[in-house]
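Data from target.cif: mmCIF, N, CA and C atoms
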data_input
#
loop_
_atom_site.label_atom_id
_atom_site.label_comp_id
_atom_site.auth_asym_id
_atom_site.auth_seq_id
_atom_site.Cartn_x
_atom_site.Cartn_y
_atom_site.Cartn_z
N MET A 9 -28.13 -47.50 42.48
CA MET A 9 -27.88 -46.27 41.75
C MET A 9 -26.48 -46.33 41.17
N SER A 10 -26.35 -46.12 39.86
CA SER A 10 -25.04 -46.16 39.23
C SER A 10 -24.37 -44.80 39.29
N PRO A 11 -23.06 -44.79 39.41
CA PRO A 11 -22.35 -43.50 39.48
C PRO A 11 -22.45 -42.74 38.16
N GLN A 12 -22.47 -41.42 38.27
CA GLN A 12 -22.52 -40.55 37.10
C GLN A 12 -21.11 -40.13 36.73
N ASP A 13 -20.79 -40.21 35.46
CA ASP A 13 -19.48 -39.80 34.96
C ASP A 13 -19.48 -38.28 34.83
N LEU A 14 -18.86 -37.60 35.78
CA LEU A 14 -18.85 -36.14 35.79
C LEU A 14 -17.90 -35.55 34.75
N MET A 15 -17.04 -36.38 34.17
CA MET A 15 -16.10 -35.90 33.16
C MET A 15 -16.65 -36.06 31.74
N ALA A 16 -17.80 -36.68 31.61
CA ALA A 16 -18.33 -36.99 30.28
C ALA A 16 -18.78 -35.74 29.53
N GLY A 17 -19.13 -34.69 30.22
CA GLY A 17 -19.60 -33.48 29.55
C GLY A 17 -21.08 -33.58 29.19
N PRO A 18 -21.62 -32.52 28.65
CA PRO A 18 -23.04 -32.53 28.33
C PRO A 18 -23.35 -33.46 27.15
N PRO A 19 -24.57 -33.96 27.11
CA PRO A 19 -24.94 -34.82 25.99
C PRO A 19 -25.05 -34.00 24.71
N PRO A 20 -24.96 -34.65 23.57
CA PRO A 20 -25.12 -33.93 22.30
C PRO A 20 -26.51 -33.32 22.18
N THR A 21 -26.58 -32.17 21.54
CA THR A 21 -27.86 -31.54 21.26
C THR A 21 -28.31 -31.99 19.88
N HIS A 22 -29.57 -32.40 19.80
CA HIS A 22 -30.18 -32.80 18.54
C HIS A 22 -31.40 -31.93 18.31
N LEU A 23 -31.29 -30.98 17.40
CA LEU A 23 -32.38 -30.07 17.11
C LEU A 23 -33.49 -30.77 16.33
N PRO A 24 -34.73 -30.24 16.45
CA PRO A 24 -35.82 -30.80 15.65
C PRO A 24 -35.67 -30.36 14.19
N ASP A 25 -36.43 -31.00 13.33
CA ASP A 25 -36.43 -30.61 11.91
C ASP A 25 -36.74 -29.13 11.77
N ASP A 26 -36.04 -28.47 10.87
CA ASP A 26 -36.27 -27.07 10.54
C ASP A 26 -37.30 -27.04 9.42
N PRO A 27 -38.46 -26.41 9.65
CA PRO A 27 -39.51 -26.43 8.63
C PRO A 27 -39.10 -25.76 7.31
N ALA A 28 -38.09 -24.94 7.33
CA ALA A 28 -37.64 -24.27 6.10
C ALA A 28 -36.79 -25.19 5.23
N GLN A 29 -36.25 -26.26 5.81
CA GLN A 29 -35.31 -27.09 5.06
C GLN A 29 -35.95 -27.71 3.82
N SER A 30 -37.20 -28.10 3.89
CA SER A 30 -37.83 -28.72 2.72
C SER A 30 -37.94 -27.72 1.57
N SER A 31 -38.23 -26.47 1.87
CA SER A 31 -38.29 -25.44 0.82
C SER A 31 -36.91 -25.20 0.22
N LEU A 32 -35.88 -25.14 1.08
CA LEU A 32 -34.51 -24.95 0.59
C LEU A 32 -34.08 -26.13 -0.27
N SER A 33 -34.38 -27.33 0.19
CA SER A 33 -34.01 -28.54 -0.56
C SER A 33 -34.72 -28.61 -1.91
N ALA A 34 -35.92 -28.04 -1.98
CA ALA A 34 -36.69 -28.04 -3.23
C ALA A 34 -36.22 -26.95 -4.19
N GLY A 35 -35.27 -26.12 -3.76
CA GLY A 35 -34.71 -25.11 -4.64
C GLY A 35 -35.33 -23.73 -4.52
N SER A 36 -36.14 -23.51 -3.49
CA SER A 36 -36.71 -22.17 -3.29
C SER A 36 -35.60 -21.18 -2.98
N ALA A 37 -35.79 -19.94 -3.42
CA ALA A 37 -34.80 -18.89 -3.18
C ALA A 37 -34.68 -18.63 -1.68
N PRO A 38 -33.45 -18.57 -1.15
CA PRO A 38 -33.28 -18.33 0.29
C PRO A 38 -34.02 -17.08 0.78
N ARG A 39 -34.05 -16.00 0.00
CA ARG A 39 -34.76 -14.79 0.43
C ARG A 39 -36.24 -15.10 0.65
N ASP A 40 -36.84 -15.89 -0.25
CA ASP A 40 -38.25 -16.26 -0.11
C ASP A 40 -38.47 -17.15 1.11
N VAL A 41 -37.53 -18.05 1.35
CA VAL A 41 -37.65 -18.96 2.49
C VAL A 41 -37.50 -18.18 3.80
N VAL A 42 -36.58 -17.22 3.85
CA VAL A 42 -36.45 -16.38 5.04
C VAL A 42 -37.74 -15.61 5.29
N ALA A 43 -38.35 -15.10 4.25
CA ALA A 43 -39.60 -14.35 4.42
C ALA A 43 -40.72 -15.25 4.96
N GLU A 44 -40.70 -16.51 4.56
CA GLU A 44 -41.72 -17.46 5.01
C GLU A 44 -41.40 -18.03 6.39
N HIS A 45 -40.10 -18.20 6.69
CA HIS A 45 -39.65 -18.81 7.95
C HIS A 45 -38.54 -17.97 8.57
N PRO A 46 -38.85 -16.76 9.06
CA PRO A 46 -37.78 -15.90 9.59
C PRO A 46 -37.09 -16.46 10.83
N GLU A 47 -37.67 -17.47 11.46
CA GLU A 47 -37.06 -18.08 12.64
C GLU A 47 -36.04 -19.16 12.29
N SER A 48 -35.89 -19.45 11.01
CA SER A 48 -35.08 -20.59 10.57
C SER A 48 -33.59 -20.28 10.46
N PRO A 49 -32.75 -20.95 11.26
CA PRO A 49 -31.31 -20.80 11.07
C PRO A 49 -30.85 -21.27 9.70
N ALA A 50 -31.44 -22.34 9.20
CA ALA A 50 -31.04 -22.87 7.88
C ALA A 50 -31.32 -21.87 6.78
N ALA A 51 -32.44 -21.17 6.85
CA ALA A 51 -32.79 -20.19 5.82
C ALA A 51 -31.81 -19.02 5.85
N TRP A 52 -31.50 -18.52 7.04
CA TRP A 52 -30.56 -17.40 7.14
C TRP A 52 -29.16 -17.81 6.71
N ALA A 53 -28.76 -19.03 7.06
CA ALA A 53 -27.45 -19.52 6.63
C ALA A 53 -27.39 -19.63 5.11
N ALA A 54 -28.48 -20.11 4.50
CA ALA A 54 -28.52 -20.22 3.03
C ALA A 54 -28.47 -18.84 2.38
N LEU A 55 -29.15 -17.86 2.98
CA LEU A 55 -29.13 -16.50 2.43
C LEU A 55 -27.73 -15.90 2.55
N ALA A 56 -27.07 -16.14 3.67
CA ALA A 56 -25.70 -15.63 3.85
C ALA A 56 -24.76 -16.29 2.84
N ARG A 57 -24.88 -17.60 2.68
CA ARG A 57 -24.01 -18.29 1.73
C ARG A 57 -24.24 -17.80 0.30
N GLN A 58 -25.51 -17.64 -0.06
CA GLN A 58 -25.83 -17.15 -1.40
C GLN A 58 -25.21 -15.77 -1.63
N ALA A 59 -25.34 -14.90 -0.65
CA ALA A 59 -24.78 -13.55 -0.76
C ALA A 59 -23.25 -13.60 -0.85
N ARG A 60 -22.64 -14.45 -0.02
CA ARG A 60 -21.17 -14.57 -0.04
C ARG A 60 -20.70 -15.09 -1.40
N GLU A 61 -21.37 -16.10 -1.91
CA GLU A 61 -20.96 -16.69 -3.20
C GLU A 61 -21.21 -15.74 -4.37
N ALA A 62 -22.15 -14.80 -4.20
CA ALA A 62 -22.41 -13.80 -5.23
C ALA A 62 -21.51 -12.57 -5.07
N ALA A 63 -20.56 -12.66 -4.15
CA ALA A 63 -19.63 -11.56 -3.86
C ALA A 63 -20.38 -10.29 -3.46
N ALA A 64 -21.41 -10.48 -2.65
CA ALA A 64 -22.15 -9.33 -2.12
C ALA A 64 -21.27 -8.58 -1.12
N ASP A 65 -21.72 -7.42 -0.74
CA ASP A 65 -21.05 -6.63 0.27
C ASP A 65 -20.83 -7.50 1.51
N PRO A 66 -19.60 -7.63 2.00
CA PRO A 66 -19.35 -8.51 3.14
C PRO A 66 -20.10 -8.11 4.41
N VAL A 67 -20.45 -6.84 4.54
CA VAL A 67 -21.22 -6.42 5.70
C VAL A 67 -22.64 -6.99 5.62
N THR A 68 -23.20 -7.07 4.43
CA THR A 68 -24.52 -7.68 4.23
C THR A 68 -24.46 -9.17 4.58
N VAL A 69 -23.43 -9.84 4.10
CA VAL A 69 -23.25 -11.26 4.41
C VAL A 69 -23.15 -11.45 5.92
N TYR A 70 -22.37 -10.59 6.57
CA TYR A 70 -22.20 -10.64 8.02
C TYR A 70 -23.55 -10.49 8.72
N ALA A 71 -24.36 -9.55 8.26
CA ALA A 71 -25.67 -9.31 8.88
C ALA A 71 -26.57 -10.54 8.74
N TYR A 72 -26.64 -11.12 7.56
CA TYR A 72 -27.45 -12.33 7.37
C TYR A 72 -26.96 -13.45 8.28
N ALA A 73 -25.66 -13.65 8.32
CA ALA A 73 -25.09 -14.73 9.13
C ALA A 73 -25.32 -14.47 10.61
N ARG A 74 -25.23 -13.23 11.04
CA ARG A 74 -25.45 -12.89 12.45
C ARG A 74 -26.89 -13.20 12.86
N VAL A 75 -27.85 -12.89 11.99
CA VAL A 75 -29.25 -13.22 12.30
C VAL A 75 -29.40 -14.74 12.41
N GLY A 76 -28.83 -15.48 11.47
CA GLY A 76 -28.90 -16.94 11.52
C GLY A 76 -28.28 -17.50 12.79
N TYR A 77 -27.18 -16.93 13.20
CA TYR A 77 -26.50 -17.36 14.41
C TYR A 77 -27.38 -17.12 15.64
N HIS A 78 -27.98 -15.94 15.73
CA HIS A 78 -28.83 -15.65 16.89
C HIS A 78 -30.11 -16.48 16.89
N ARG A 79 -30.68 -16.71 15.71
CA ARG A 79 -31.83 -17.62 15.62
C ARG A 79 -31.42 -19.02 16.06
N SER A 80 -30.20 -19.40 15.74
CA SER A 80 -29.68 -20.70 16.15
C SER A 80 -29.57 -20.81 17.66
N LEU A 81 -29.02 -19.78 18.29
CA LEU A 81 -28.90 -19.81 19.75
C LEU A 81 -30.26 -19.96 20.41
N ASP A 82 -31.25 -19.24 19.90
CA ASP A 82 -32.61 -19.37 20.43
C ASP A 82 -33.10 -20.81 20.31
N THR A 83 -32.91 -21.40 19.14
CA THR A 83 -33.36 -22.77 18.89
C THR A 83 -32.60 -23.77 19.77
N LEU A 84 -31.30 -23.59 19.88
CA LEU A 84 -30.51 -24.48 20.73
C LEU A 84 -31.00 -24.44 22.18
N ARG A 85 -31.19 -23.25 22.70
CA ARG A 85 -31.61 -23.11 24.10
C ARG A 85 -33.00 -23.71 24.33
N ARG A 86 -33.89 -23.52 23.37
CA ARG A 86 -35.24 -24.11 23.50
C ARG A 86 -35.18 -25.64 23.51
N ASN A 87 -34.09 -26.19 23.03
CA ASN A 87 -33.97 -27.64 22.93
C ASN A 87 -32.94 -28.23 23.90
N GLY A 88 -32.72 -27.50 25.00
CA GLY A 88 -31.94 -28.05 26.10
C GLY A 88 -30.46 -27.74 26.13
N TRP A 89 -29.95 -27.04 25.14
CA TRP A 89 -28.53 -26.72 25.11
C TRP A 89 -28.23 -25.72 26.22
N LYS A 90 -27.15 -25.95 26.95
CA LYS A 90 -26.80 -25.10 28.10
C LYS A 90 -25.59 -24.21 27.84
N GLY A 91 -25.26 -23.97 26.59
CA GLY A 91 -24.16 -23.06 26.28
C GLY A 91 -22.88 -23.73 25.85
N ASN A 92 -22.85 -25.06 25.92
CA ASN A 92 -21.68 -25.79 25.42
C ASN A 92 -22.08 -27.24 25.17
N GLY A 93 -21.16 -27.95 24.59
CA GLY A 93 -21.40 -29.35 24.30
C GLY A 93 -21.57 -29.60 22.82
N PRO A 94 -21.52 -30.86 22.43
CA PRO A 94 -21.57 -31.21 21.02
C PRO A 94 -22.93 -30.93 20.37
N VAL A 95 -22.84 -30.49 19.12
CA VAL A 95 -24.00 -30.29 18.26
C VAL A 95 -23.63 -30.99 16.95
N PRO A 96 -23.84 -32.30 16.88
CA PRO A 96 -23.27 -33.09 15.79
C PRO A 96 -23.78 -32.76 14.39
N TRP A 97 -22.85 -32.65 13.47
CA TRP A 97 -23.14 -32.46 12.04
C TRP A 97 -23.94 -33.64 11.51
N GLU A 98 -23.67 -34.81 12.04
CA GLU A 98 -24.31 -36.02 11.56
C GLU A 98 -25.82 -36.01 11.75
N HIS A 99 -26.33 -35.20 12.67
CA HIS A 99 -27.78 -35.02 12.87
C HIS A 99 -28.21 -33.86 11.96
N ALA A 100 -28.80 -34.18 10.84
CA ALA A 100 -29.08 -33.19 9.78
C ALA A 100 -29.78 -31.92 10.28
N PRO A 101 -30.75 -31.96 11.19
CA PRO A 101 -31.37 -30.70 11.63
C PRO A 101 -30.42 -29.74 12.34
N ASN A 102 -29.26 -30.22 12.79
CA ASN A 102 -28.27 -29.33 13.41
C ASN A 102 -27.52 -28.50 12.39
N ARG A 103 -27.60 -28.86 11.13
CA ARG A 103 -26.76 -28.21 10.12
C ARG A 103 -27.10 -26.75 9.89
N GLY A 104 -28.33 -26.33 10.11
CA GLY A 104 -28.66 -24.91 9.97
C GLY A 104 -27.84 -24.06 10.93
N PHE A 105 -27.79 -24.48 12.20
CA PHE A 105 -26.96 -23.78 13.17
C PHE A 105 -25.49 -23.80 12.77
N LEU A 106 -24.99 -24.97 12.43
CA LEU A 106 -23.58 -25.11 12.11
C LEU A 106 -23.20 -24.30 10.88
N LYS A 107 -24.06 -24.27 9.89
CA LYS A 107 -23.80 -23.48 8.68
C LYS A 107 -23.87 -21.99 8.98
N ALA A 108 -24.82 -21.57 9.81
CA ALA A 108 -24.91 -20.15 10.18
C ALA A 108 -23.65 -19.72 10.92
N LEU A 109 -23.16 -20.57 11.82
CA LEU A 109 -21.95 -20.26 12.56
C LEU A 109 -20.74 -20.18 11.62
N ALA A 110 -20.65 -21.09 10.68
CA ALA A 110 -19.54 -21.05 9.71
C ALA A 110 -19.63 -19.79 8.84
N GLU A 111 -20.83 -19.44 8.40
CA GLU A 111 -20.99 -18.24 7.58
C GLU A 111 -20.61 -16.99 8.38
N LEU A 112 -20.96 -16.97 9.67
CA LEU A 112 -20.58 -15.83 10.51
C LEU A 112 -19.06 -15.76 10.64
N ALA A 113 -18.42 -16.90 10.82
CA ALA A 113 -16.95 -16.91 10.90
C ALA A 113 -16.34 -16.36 9.62
N LEU A 114 -16.80 -16.83 8.48
CA LEU A 114 -16.26 -16.38 7.20
C LEU A 114 -16.52 -14.89 6.97
N ALA A 115 -17.72 -14.44 7.33
CA ALA A 115 -18.04 -13.02 7.15
C ALA A 115 -17.21 -12.15 8.07
N ALA A 116 -17.00 -12.60 9.31
CA ALA A 116 -16.16 -11.84 10.24
C ALA A 116 -14.75 -11.72 9.69
N LYS A 117 -14.23 -12.81 9.15
CA LYS A 117 -12.90 -12.79 8.56
C LYS A 117 -12.84 -11.81 7.39
N ALA A 118 -13.90 -11.79 6.56
CA ALA A 118 -13.94 -10.92 5.38
C ALA A 118 -13.94 -9.44 5.73
N ILE A 119 -14.50 -9.09 6.89
CA ILE A 119 -14.52 -7.67 7.26
C ILE A 119 -13.39 -7.32 8.24
N GLY A 120 -12.49 -8.28 8.47
CA GLY A 120 -11.33 -8.00 9.32
C GLY A 120 -11.59 -8.08 10.80
N GLU A 121 -12.67 -8.73 11.20
CA GLU A 121 -12.97 -8.88 12.62
C GLU A 121 -12.34 -10.20 13.10
N ASP A 122 -11.02 -10.15 13.28
CA ASP A 122 -10.24 -11.36 13.53
C ASP A 122 -10.63 -12.08 14.82
N ALA A 123 -10.93 -11.36 15.88
CA ALA A 123 -11.31 -12.01 17.14
C ALA A 123 -12.63 -12.77 16.97
N GLU A 124 -13.57 -12.19 16.25
CA GLU A 124 -14.85 -12.86 16.02
C GLU A 124 -14.67 -14.07 15.10
N TRP A 125 -13.83 -13.93 14.08
CA TRP A 125 -13.51 -15.07 13.22
C TRP A 125 -12.99 -16.23 14.06
N GLN A 126 -12.03 -15.97 14.93
CA GLN A 126 -11.43 -17.03 15.74
C GLN A 126 -12.43 -17.61 16.72
N ARG A 127 -13.23 -16.76 17.36
CA ARG A 127 -14.24 -17.24 18.32
C ARG A 127 -15.23 -18.16 17.63
N CYS A 128 -15.72 -17.74 16.46
CA CYS A 128 -16.70 -18.55 15.74
C CYS A 128 -16.10 -19.84 15.21
N ALA A 129 -14.88 -19.77 14.70
CA ALA A 129 -14.21 -20.98 14.21
C ALA A 129 -13.99 -21.97 15.35
N ASP A 130 -13.57 -21.47 16.51
CA ASP A 130 -13.37 -22.35 17.67
C ASP A 130 -14.70 -22.94 18.14
N PHE A 131 -15.75 -22.11 18.16
CA PHE A 131 -17.07 -22.57 18.57
C PHE A 131 -17.56 -23.67 17.62
N LEU A 132 -17.34 -23.49 16.33
CA LEU A 132 -17.75 -24.50 15.35
C LEU A 132 -16.96 -25.80 15.59
N ARG A 133 -15.67 -25.71 15.76
CA ARG A 133 -14.84 -26.90 15.99
C ARG A 133 -15.27 -27.60 17.28
N ASP A 134 -15.55 -26.82 18.33
CA ASP A 134 -15.98 -27.41 19.61
C ASP A 134 -17.36 -28.06 19.49
N SER A 135 -18.23 -27.48 18.68
CA SER A 135 -19.58 -28.02 18.51
C SER A 135 -19.58 -29.28 17.67
N SER A 136 -18.78 -29.26 16.59
CA SER A 136 -18.74 -30.41 15.69
C SER A 136 -17.46 -30.36 14.86
N PRO A 137 -16.47 -31.17 15.21
CA PRO A 137 -15.26 -31.21 14.40
C PRO A 137 -15.56 -31.57 12.94
N THR A 138 -16.55 -32.41 12.72
CA THR A 138 -16.93 -32.77 11.35
C THR A 138 -17.43 -31.55 10.59
N ALA A 139 -18.28 -30.74 11.22
CA ALA A 139 -18.78 -29.52 10.58
C ALA A 139 -17.64 -28.55 10.29
N TYR A 140 -16.71 -28.43 11.23
CA TYR A 140 -15.56 -27.57 11.01
C TYR A 140 -14.81 -28.00 9.76
N ASP A 141 -14.52 -29.29 9.66
CA ASP A 141 -13.79 -29.81 8.50
C ASP A 141 -14.58 -29.60 7.22
N GLU A 142 -15.87 -29.82 7.29
CA GLU A 142 -16.73 -29.70 6.10
C GLU A 142 -16.88 -28.25 5.64
N LEU A 143 -17.02 -27.32 6.59
CA LEU A 143 -17.38 -25.95 6.25
C LEU A 143 -16.21 -24.96 6.25
N LEU A 144 -15.21 -25.20 7.08
CA LEU A 144 -14.09 -24.26 7.17
C LEU A 144 -12.74 -24.90 6.91
N GLY A 145 -12.67 -26.21 6.97
CA GLY A 145 -11.41 -26.93 6.90
C GLY A 145 -10.77 -26.92 5.55
#
Translate the structure described by the file into structure tokens.
Amino acid sequence: MSPQDLMAGPPPTHLPDDPAQSSLSAGSAPRDVVAEHPESPAAWAALARQAREAAADPVTVYAYARVGYHRSLDTLRRNGWKGNGPVPWEHAPNRGFLKALAELALAAKAIGEDAEWQRCADFLRDSSPTAYDELLG
């Protein structure tokens, strides 16, 4: 029996393919994709980003991003995530979660919720430094 490295931390989480991603990649409107796949973190993240880029009401953007974030937590837990550990950007199906988390951070900052902005930014950096650099850096 080989010794276990107790300092190594949890293994990376690799989410399964998000069924909404093909519709988003094909150019379908995020609102339509959310209606078809309401469980999809990628769809909610795309809807939040679209609203943010259209200078929508920041509270609306926050709401979309919050739904995406909570859908992400559900998906992460169903796939073995225990509340911490890496969620690599390099694994494309993880990007829905990472984008939803980044959108939530940006929306929190836009409405002046500084503690939530910092918590989400730190969570993103801890989950994937690459995603942090790509989305918030």
Among listed residues A:Ala123, A:Ser135, A:Leu112, A:Val95, nearest A:Leu23 (using all atoms listed in the file): A:Val95
Expansion of the PyMOL selection byres (((chain A and resi 54 and name CA) around 12) and name CA) into residues, as a ChimeraX atom specification: /A:28-29,31-33,35-42,48-53,55-61,69,72-73,75-77,103-112
Every residue of chain A that DSSP places in alpha helix (DSSP H), as a PyMOL selection string: chain A and resi 29-33+38-44+49-61+66-86+103-118+122-135+137-143
8 Å contact set for A:Trp125, all atoms listed in the file, chain neighbours under 5 positions out, as a list of chain:residue names: A:Leu112, A:Ala113, A:Leu114, A:Ala115, A:Ala116, A:Lys117, A:Ala118, A:Gly120, A:Asp130, A:Phe131
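Shortest separation to A:Thr138 among A:Ser30, A:Pro96, A:Glu124, A:Ser80 occurs at residue A:Pro96, atoms counted being only C-alpha atoms.
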Test item: the PyMOL selection byres ((chain A and resi 22) around 8) resolved as a VMD selection string: chain A and resid 19 to 21 23 to 25 84 87 to 89 94 to 96 99 to 102
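What separates atom CA of A:Pro66 from atom N of A:Asp82 is a distance of 23.2 Å.
Across the structure, atom C of A:Pro27 and atom C of A:Ser136 are spaced 23.4 Å apart.
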Atom-to-atom span, atom N of A:Leu144 and atom CA of A:Ala16, Å: 26.2 Å
